[in-house]
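K.L.:
Pasting a structure below so you can have a look.
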Amino acid sequence: VQSFGGSPYDGPKFREFCDEEGIFLVEDSAHAIGARIGNVPIQSYSHLACLSFSTLKNVVTLGEGGAIVTNTPEFGEAAKKLVESRALGTGHTIEGDSIWKGTKEEDRRALFRPGDAFDWSWLSVEEIGLTLRLNGPAALMGSLQLDRLETIIRKRQNQRDYYASKLNILRTSENWLMGESIGSSNHLVNLFINDEKTREKILKSMDALGYAPVIRYLPISYQSVPRWFGLKPGMTPVYENIFFRHLISLPIGPRLTRSLQKKIIMAVNLATSGF
Ligand SMILES: Cc1ncc(COP(=O)(O)O)c(C=O)c1O
């Protein structure tokens, strides 16, 4: 499941279904850090939720970064082991090695770093994997933003609500802002425009303002990894139709000042004013 644009997916319903069917529920939560149902973070409903801290996300760590969140003990244990940067399995320190003398097994594990495997001999390897680690400055930047997450979300919510109150095109029921404001992490403000020609006019008008709209999020049938696995354009027709003909992603985020937002709103309102 994906919490698209930061709108929480229907956690209780999906979790109940997956528990009944014995399926693990994995959430693409790249947009959804800070999203909640009531007071419950949306990630709590997933067996495993994947967060992204890459450029333009709600929390960013200098380019690349991410995390997994889980409350499923077996995944939690596996994740803790992967932190050690070594294959999962059993082994022992090479005899006579002075580095580890006098240390307890659990302390050695905590101190393990890439390269230390030279001191270690494997008896059996159960699993190999890849650990991607945030460097220190990136982790610091992420953790400072996590402390401010409520404020970050509130500002985004405020920006979304401002669009909602000022865009004339929303006064008819055929156009709407996708997802709810409350409970969402408000990562994207996606405007659904029913009439394609009106959408074109809005895009042109935003372009003329010097703001080249980036429409998000590309259908998975157009993305590289799913295509390696056989997905092809045309295979997700419902969303492809929305993406190519009805969607506009309005700017949101820390660099959107109120005066820039007013200009964007004016551009959209002019484009749809009928003149
Ligand atoms: C919905 C969604 N899933 C996954 C990703 C990938 O995140 P990352 O680049 O951190 O792997 C993105 C990034 O844009 C995204 O928007």
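Residue numbering restarts at 1 for every chain of the structure tokens, chains are lettered A, B, ... in their displayed order, and ligands are numbered from 1 as they appear.
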So that I can see what lies close to Trp120 of chain A, please list as an MDAnalysis selection string the residues with an atom at most 6 Å from it, counting only C-alpha atoms and leaving out residues fewer than 5 positions away in the same chain.
P.N.:
chainID A and resid 92:94
K.L.:
Mind checking which residues fall within 9 Å of segment 16-33 of chain A, counting only C-alpha atoms, ignoring those fewer than 5 positions away in the same chain, and posting them as a PyMOL selection string?
P.N.:
chain A and resi 1-8+11+41-43+45-54+57-59+66+149+184-188
K.L.:
Which residue out of A:Tyr217, A:Ile152, A:Lys104, A:Leu134 has the minimum interatomic distance to ligand 1 when only C-alpha atoms and all ligand atoms are used?
P.N.:
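Between A:Tyr217, A:Ile152, A:Lys104, A:Leu134, the residue approaching ligand 1 most closely is A:Tyr217.
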K.L.:
Kindly indicate which residue among A:Ala212, A:Ile182, A:Val60, A:Leu82 lies nearest to Ile37 of chain A, using only C-alpha atoms for the distances.
P.N.:
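Using only C-alpha atoms, the shortest distance to Ile37 of chain A belongs to A:Ile182.
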K.L.:
Write out as a CSV table (one decimal) with C-alpha atoms, in the first residue's frame each polymer residue whose atoms come within 7 Å of segment 198-211 of chain A, counting only C-alpha atoms; drop sequence neighbours fewer than 4 positions from it.
P.N.:
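Writing done, so here's out.csv:
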chain,number,residue,atom,x,y,z
A,193,ILE,CA,-9.2,18.9,-12.5
A,246,HIS,CA,-6.5,15.4,-14.5
A,264,ILE,CA,0.3,30.8,-7.9
A,267,ALA,CA,-2.4,32.4,-11.9
A,268,VAL,CA,-4.8,29.4,-11.3
A,271,ALA,CA,-6.6,30.7,-16.0
A,272,THR,CA,-10.0,29.5,-14.9
K.L.:
For Leu177 of chain A, which residue among A:Leu247, A:Ile252, A:Leu132, A:Ala78 is the nearest when counting only C-alpha atoms?
P.N.:
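For Leu177 of chain A, the nearest of the candidates is A:Leu247.
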K.L.:
Please identify the strand (DSSP E or B) residues within segment 176-237 of chain A (assignment by DSSP from backbone atoms) and present them as a list in words.
P.N.:
Trp176, Leu177, Val189, Asn190, Leu191 and Phe192 of chain A
K.L.:
Write out, as an mmCIF file, in the first residue's frame, the residues just selected, with N, CA, C and O atoms.
P.N.:
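Generated file (again.cif):
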data_model
loop_
_atom_site.group_PDB
_atom_site.id
_atom_site.type_symbol
_atom_site.label_atom_id
_atom_site.label_comp_id
_atom_site.auth_asym_id
_atom_site.auth_seq_id
_atom_site.Cartn_x
_atom_site.Cartn_y
_atom_site.Cartn_z
ATOM 1 N N TRP A 176 -11.358 18.926 -7.172
ATOM 2 C CA TRP A 176 -11.109 18.849 -5.724
ATOM 3 C C TRP A 176 -9.628 18.696 -5.415
ATOM 4 O O TRP A 176 -8.828 18.371 -6.301
ATOM 5 N N LEU A 177 -9.288 18.941 -4.157
ATOM 6 C CA LEU A 177 -7.936 18.634 -3.683
ATOM 7 C C LEU A 177 -7.963 17.191 -3.196
ATOM 8 O O LEU A 177 -8.841 16.815 -2.417
ATOM 9 N N VAL A 189 0.109 18.585 -2.507
ATOM 10 C CA VAL A 189 -1.245 19.110 -2.668
ATOM 11 C C VAL A 189 -1.607 18.812 -4.104
ATOM 12 O O VAL A 189 -1.158 19.496 -5.019
ATOM 13 N N ASN A 190 -2.364 17.778 -4.310
ATOM 14 C CA ASN A 190 -2.722 17.391 -5.670
ATOM 15 C C ASN A 190 -4.131 17.849 -5.996
ATOM 16 O O ASN A 190 -5.085 17.546 -5.281
ATOM 17 N N LEU A 191 -4.192 18.595 -7.096
ATOM 18 C CA LEU A 191 -5.448 19.175 -7.533
ATOM 19 C C LEU A 191 -6.012 18.288 -8.644
ATOM 20 O O LEU A 191 -5.321 18.027 -9.631
ATOM 21 N N PHE A 192 -7.225 17.790 -8.455
ATOM 22 C CA PHE A 192 -7.894 17.003 -9.505
ATOM 23 C C PHE A 192 -8.772 17.956 -10.299
ATOM 24 O O PHE A 192 -9.681 18.575 -9.756
#
K.L.:
I need the residue nearest ligand 1 from this list: A:Asn158, A:Thr61, A:Thr72, A:Asn194. Use only C-alpha atoms and all ligand atoms for the distance.
P.N.:
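Using only C-alpha atoms and all ligand atoms, the shortest distance to ligand 1 belongs to A:Thr61.
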K.L.:
Can you measure atom CA of Gly136 of chain A to atom 6 (C, counted along the ligand's line) of ligand 1 for me? One decimal in Å is fine.
P.N.:
21.2 Å
K.L.:
When you count only C-alpha atoms, which of these residues is closest to Gly91 of chain A: A:Glu77, A:Asp107, A:Glu196, A:Glu126?
P.N.:
A:Glu126
K.L.:
To one decimal place, how far is atom CA of Gly179 of chain A from atom CA of Ser44 of chain A in Å?
P.N.:
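These atoms are spaced 19.7 Å apart.
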K.L.:
Rank A:Met266, A:Gln223, A:Arg258, A:Lys197 by their smallest atom-to-atom distance to ligand 1, using only C-alpha atoms and all ligand atoms, and report the top residue only.
P.N.:
A:Gln223
K.L.:
Within 12 Å of Asn135 of chain A, counting only C-alpha atoms, which residues show up once you throw out same-chain ones fewer than 2 positions away? Write them as a JSON list (two decimals) with N, CA and C atoms, in the first residue's frame, please.
P.N.:
[["chain", "number", "residue", "atom", "x", "y", "z"],
["A", 61, "THR", "N", 17.47, 14.49, 4.27],
["A", 61, "THR", "CA", 18.80, 14.29, 4.88],
["A", 61, "THR", "C", 19.90, 14.51, 3.83],
["A", 62, "LEU", "N", 19.93, 15.71, 3.30],
["A", 62, "LEU", "CA", 21.02, 16.13, 2.40],
["A", 62, "LEU", "C", 21.12, 15.24, 1.17],
["A", 63, "GLY", "N", 20.03, 14.94, 0.55],
["A", 63, "GLY", "CA", 20.09, 14.20, -0.72],
["A", 63, "GLY", "C", 19.42, 12.85, -0.65],
["A", 64, "GLU", "N", 20.06, 11.92, 0.02],
["A", 64, "GLU", "CA", 19.49, 10.57, 0.10],
["A", 64, "GLU", "C", 19.28, 10.19, 1.56],
["A", 65, "GLY", "N", 18.40, 9.26, 1.80],
["A", 65, "GLY", "CA", 18.21, 8.77, 3.16],
["A", 65, "GLY", "C", 16.85, 8.14, 3.30],
["A", 66, "GLY", "N", 16.71, 7.32, 4.31],
["A", 66, "GLY", "CA", 15.43, 6.69, 4.54],
["A", 66, "GLY", "C", 15.48, 5.85, 5.80],
["A", 132, "LEU", "N", 22.53, 0.24, 4.22],
["A", 132, "LEU", "CA", 22.83, 1.60, 3.77],
["A", 132, "LEU", "C", 22.74, 2.49, 5.01],
["A", 133, "ARG", "N", 23.79, 3.18, 5.26],
["A", 133, "ARG", "CA", 23.89, 3.93, 6.50],
["A", 133, "ARG", "C", 23.93, 5.42, 6.22],
["A", 137, "PRO", "N", 26.46, 13.81, 9.48],
["A", 137, "PRO", "CA", 25.73, 15.07, 9.25],
["A", 137, "PRO", "C", 24.32, 14.83, 8.72],
["A", 138, "ALA", "N", 24.15, 13.82, 7.85],
["A", 138, "ALA", "CA", 22.82, 13.54, 7.31],
["A", 138, "ALA", "C", 21.89, 13.08, 8.42],
["A", 139, "ALA", "N", 22.41, 12.20, 9.30],
["A", 139, "ALA", "CA", 21.59, 11.69, 10.40],
["A", 139, "ALA", "C", 21.22, 12.81, 11.36],
["A", 140, "LEU", "N", 22.17, 13.71, 11.60],
["A", 140, "LEU", "CA", 21.91, 14.84, 12.50],
["A", 140, "LEU", "C", 20.80, 15.72, 11.91],
["A", 141, "MET", "N", 20.93, 15.99, 10.62],
["A", 141, "MET", "CA", 19.94, 16.84, 9.96],
["A", 141, "MET", "C", 18.54, 16.20, 10.05],
["A", 142, "GLY", "N", 18.49, 14.89, 9.83],
["A", 142, "GLY", "CA", 17.20, 14.19, 9.91],
["A", 142, "GLY", "C", 16.65, 14.24, 11.31]]
K.L.:
From a DSSP pass on the backbone, collect the residues of segment 195-231 of chain A flagged as alpha helix (DSSP H) and hand them back as a ChimeraX atom specification.
P.N.:
/A:196-208,224-228
K.L.:
Could you name the residues that touch Thr151 of chain A at 12 Å or less, counting only C-alpha atoms, but leaving out those on the same chain fewer than 2 positions away, as a ChimeraX atom specification?
P.N.:
/A:34,58-59,144-149,153-158,185,253-254
K.L.:
Please provide as a list in words all residues within 7 Å of Gly183 of chain A, with the sequence filter that same-chain residues fewer than 5 positions apart are discarded (counting only C-alpha atoms).
P.N.:
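Here the qualifying residues turn out to be Ala35, Arg36, Ile37 and Gly38 of chain A.
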K.L.:
Could you save the residues just selected, with C-alpha atoms, as an mmCIF file, in the first residue's frame?
P.N.:
data_model
loop_
_atom_site.group_PDB
_atom_site.id
_atom_site.type_symbol
_atom_site.label_atom_id
_atom_site.label_comp_id
_atom_site.auth_asym_id
_atom_site.auth_seq_id
_atom_site.Cartn_x
_atom_site.Cartn_y
_atom_site.Cartn_z
ATOM 1 C CA ALA A 35 0.541 11.101 8.855
ATOM 2 C CA ARG A 36 -1.960 9.781 11.407
ATOM 3 C CA ILE A 37 -5.346 8.213 11.830
ATOM 4 C CA GLY A 38 -6.632 9.957 14.952
#
